[in-house]
Every structure is written in structure tokens, then in C-alpha cells.
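*Asks:* Before we start, here is the structure in question, set down as C-alpha cells.
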Amino acid sequence: MKRIVHLAVYDTLADWETGYATAHLRGEQYDIVTVGESTDPITTMGGSRILPDLALDQLSPADSAMLILPGASLWDEGGNGAFAKKASEFLDAGVPVAAICGAVPGLAREGLLDDRDHTSAFPGYVQGDGYNGAEHYVDADAVTDRDLITAGPTEPVAFAREVLAKLGVYSPEKLDAWFRLFKHSDASAVEVLMAP
């Protein structure tokens, strides 16, 4: 039976940030279910309309393998607090959360980066009310610390690598090949990926 990965969707969602992760998760092991603050349609930054499968108040960590939080302008405006609170619930339950771009400072405001290594677009982007994790900031493309994955907006492939690794989608050798192919256009990686 497939496990469910929940993808948060909200107005101004940054379309490009989670595509690599969701496209390569969906398959034999996992399925993607979208979750909105309600089940009303949302409009992404790129103008795509998405009808969420599930409302946030119906989402339980017990029913999920991971919660993925894309960036969005709403995070930068101080919005999406309900998603940050849900992320806290997930982490408390030992269920992974993956946040990219604006979702990272959103989690910082919730205090979720205070004792975890993390990254972001740049150090100043996560600073603000509620953030006490400066000593845990790592200058890297993506960072996993326990059950939390973080990445900046220009690193959707590295973000996906961490998500796929956390969920055990590929062996380490295939994951390395996957990353080399999609990040560096390394054609030699194709043979590794195509091997049984």
C-alpha cells in the first residue's frame, strides 16, 4: 500500500520549488495529496489553479509520511501560520517536514529552527520575530537535521534530493546519480538510474 506525502498548497505558492520532489516521489511507494487551509482553490505564483484534496484541519501526522511546505509570498507577508503550527505538530510526532524558500522563515517564526541545523536563501532571510537559531545556520544547498529538511529558493533539486533520501526512495548510489543528472546534466548518471 502506498504511503501519503502531503504537499501544502496556498495562494502565491512558488511553482518551481517542489516539482522535482513530488514528480519523483509519486509512484509505487508514495502518492501525493495536496492540503490547503481549506478545500477552496488556490492560485500559484505562476497562475496555476489547484483544488486542495484536503483541508489543513483534517490533516494528522499519523496519516502522513511527510509534509512538504513550498515557498510563497504569503510566508514573506507573515502568513501561513497555521501551516507552521501543523509543521510543529508533525515534528513533535516524529514525522518529517520539508520546507523550502519562504516556508523556512515561517518555521523560524514558530521556533522550529532554534535547535536544528538549517539553511535558507541567506542568513538574514530567516532572522525575525521568534528566530533564535542563528548558531545552527549552515551555508549549504539543502540541510537535513533529524526530521526537518530546509533549502533556499534556488535549490529545488537539492531539496528534492534530501526529500528522496529521507523517504528512502532510491539507494544511495541511485540517489547520487539522480542528483548528478538533474543538477549537473551528467549523462553518465543515466546508466546508473536505468540499472535494475
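Chain labels run A, B, ... following the order of the C-alpha cells; each chain numbers its residues from 1, and ligands are numbered from 1 in the order shown.
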For region 179-192 of chain A, find every residue with an atom within 9 Å (counting only C-alpha atoms), except residues of its own chain fewer than 5 positions away, and show them as a PDB file with all heavy atoms, in the first residue's frame.
*Replies:*
ATOM      1  N   TYR A  20      10.420  18.764  -8.601  1.00  0.00           N
ATOM      2  CA  TYR A  20      11.337  17.628  -8.667  1.00  0.00           C
ATOM      3  C   TYR A  20      11.001  16.603  -7.581  1.00  0.00           C
ATOM      4  O   TYR A  20      11.020  15.399  -7.823  1.00  0.00           O
ATOM      5  CB  TYR A  20      12.791  18.077  -8.483  1.00  0.00           C
ATOM      6  CG  TYR A  20      13.395  18.762  -9.677  1.00  0.00           C
ATOM      7  CD1 TYR A  20      13.454  20.151  -9.741  1.00  0.00           C
ATOM      8  CD2 TYR A  20      13.926  18.033 -10.741  1.00  0.00           C
ATOM      9  CE1 TYR A  20      14.020  20.794 -10.831  1.00  0.00           C
ATOM     10  CE2 TYR A  20      14.497  18.670 -11.829  1.00  0.00           C
ATOM     11  CZ  TYR A  20      14.540  20.044 -11.869  1.00  0.00           C
ATOM     12  OH  TYR A  20      15.104  20.687 -12.943  1.00  0.00           O
ATOM     13  N   VAL A 157      16.419  21.107  -6.763  1.00  0.00           N
ATOM     14  CA  VAL A 157      16.972  19.759  -6.992  1.00  0.00           C
ATOM     15  C   VAL A 157      17.618  19.230  -5.710  1.00  0.00           C
ATOM     16  O   VAL A 157      17.394  18.081  -5.324  1.00  0.00           O
ATOM     17  CB  VAL A 157      17.969  19.753  -8.171  1.00  0.00           C
ATOM     18  CG1 VAL A 157      18.576  18.371  -8.360  1.00  0.00           C
ATOM     19  CG2 VAL A 157      17.270  20.197  -9.453  1.00  0.00           C
ATOM     20  N   ALA A 158      18.382  20.068  -5.027  1.00  0.00           N
ATOM     21  CA  ALA A 158      18.989  19.651  -3.757  1.00  0.00           C
ATOM     22  C   ALA A 158      17.905  19.377  -2.714  1.00  0.00           C
ATOM     23  O   ALA A 158      18.013  18.435  -1.917  1.00  0.00           O
ATOM     24  CB  ALA A 158      19.963  20.713  -3.260  1.00  0.00           C
ATOM     25  N   ALA A 160      14.864  18.300  -3.351  1.00  0.00           N
ATOM     26  CA  ALA A 160      14.291  17.001  -3.720  1.00  0.00           C
ATOM     27  C   ALA A 160      15.216  15.862  -3.307  1.00  0.00           C
ATOM     28  O   ALA A 160      14.758  14.830  -2.818  1.00  0.00           O
ATOM     29  CB  ALA A 160      14.019  16.952  -5.219  1.00  0.00           C
ATOM     30  N   ARG A 161      16.520  16.045  -3.489  1.00  0.00           N
ATOM     31  CA  ARG A 161      17.495  15.011  -3.082  1.00  0.00           C
ATOM     32  C   ARG A 161      17.311  14.664  -1.609  1.00  0.00           C
ATOM     33  O   ARG A 161      17.269  13.492  -1.234  1.00  0.00           O
ATOM     34  CB  ARG A 161      18.912  15.509  -3.336  1.00  0.00           C
ATOM     35  CG  ARG A 161      20.011  14.554  -2.840  1.00  0.00           C
ATOM     36  CD  ARG A 161      21.372  15.227  -2.774  1.00  0.00           C
ATOM     37  NE  ARG A 161      21.346  16.330  -1.829  1.00  0.00           N
ATOM     38  CZ  ARG A 161      22.132  17.392  -1.917  1.00  0.00           C
ATOM     39  NH1 ARG A 161      23.011  17.528  -2.900  1.00  0.00           N
ATOM     40  NH2 ARG A 161      22.039  18.354  -1.020  1.00  0.00           N
ATOM     41  N   GLU A 173      23.442   5.007  -4.179  1.00  0.00           N
ATOM     42  CA  GLU A 173      24.084   5.097  -5.490  1.00  0.00           C
ATOM     43  C   GLU A 173      23.145   5.717  -6.523  1.00  0.00           C
ATOM     44  O   GLU A 173      23.529   6.587  -7.308  1.00  0.00           O
ATOM     45  CB  GLU A 173      24.538   3.710  -5.948  1.00  0.00           C
ATOM     46  CG  GLU A 173      25.235   3.728  -7.288  1.00  0.00           C
ATOM     47  CD  GLU A 173      25.601   2.333  -7.802  1.00  0.00           C
ATOM     48  OE1 GLU A 173      24.898   1.359  -7.462  1.00  0.00           O
ATOM     49  OE2 GLU A 173      26.583   2.245  -8.552  1.00  0.00           O
ATOM     50  N   LYS A 174      21.869   5.289  -6.520  1.00  0.00           N
ATOM     51  CA  LYS A 174      20.912   5.836  -7.486  1.00  0.00           C
ATOM     52  C   LYS A 174      20.561   7.282  -7.152  1.00  0.00           C
ATOM     53  O   LYS A 174      20.364   8.105  -8.052  1.00  0.00           O
ATOM     54  CB  LYS A 174      19.654   4.972  -7.541  1.00  0.00           C
ATOM     55  CG  LYS A 174      19.873   3.704  -8.344  1.00  0.00           C
ATOM     56  CD  LYS A 174      18.590   3.115  -8.864  1.00  0.00           C
ATOM     57  CE  LYS A 174      18.952   1.918  -9.732  1.00  0.00           C
ATOM     58  NZ  LYS A 174      17.832   1.399 -10.475  1.00  0.00           N
TER      59      LYS A 174
END
*Asks:* Pull the strand (DSSP E) assignments for chain A out of DSSP run on the backbone, and list those residues as a ChimeraX atom specification.
*Replies:* /A:3-8,30-36,42-43,49-50,54-55,66-69,97-100,142-145,148-151
*Asks:* Restricting the calculation to only C-alpha atoms: of A:Ala151, A:Ala72, A:Ile32, A:Ala65, which residue gets closest to Asp53 (chain A)?
*Replies:* A:Ile32
*Asks:* For region 83-104 of chain A against region 165-171 of chain A, with a cut-off of 12 Å and counting only C-alpha atoms, what is the closest atom pair and its distance in Å to one decimal for every residue that makes the cut, ordered by chain and number, as CSV?
*Replies:*
residue,atom,partner,partner_atom,distance
A:Val95,CA,A:Lys166,CA,10.7
A:Pro96,CA,A:Lys166,CA,8.1
A:Val97,CA,A:Lys166,CA,10.0
A:Ala98,CA,A:Lys166,CA,9.7
*Asks:* Could you check how far CA of Leu164 (chain A) sits from CA of Ala21 (chain A), in Å to one decimal?
*Replies:* 7.0 Å
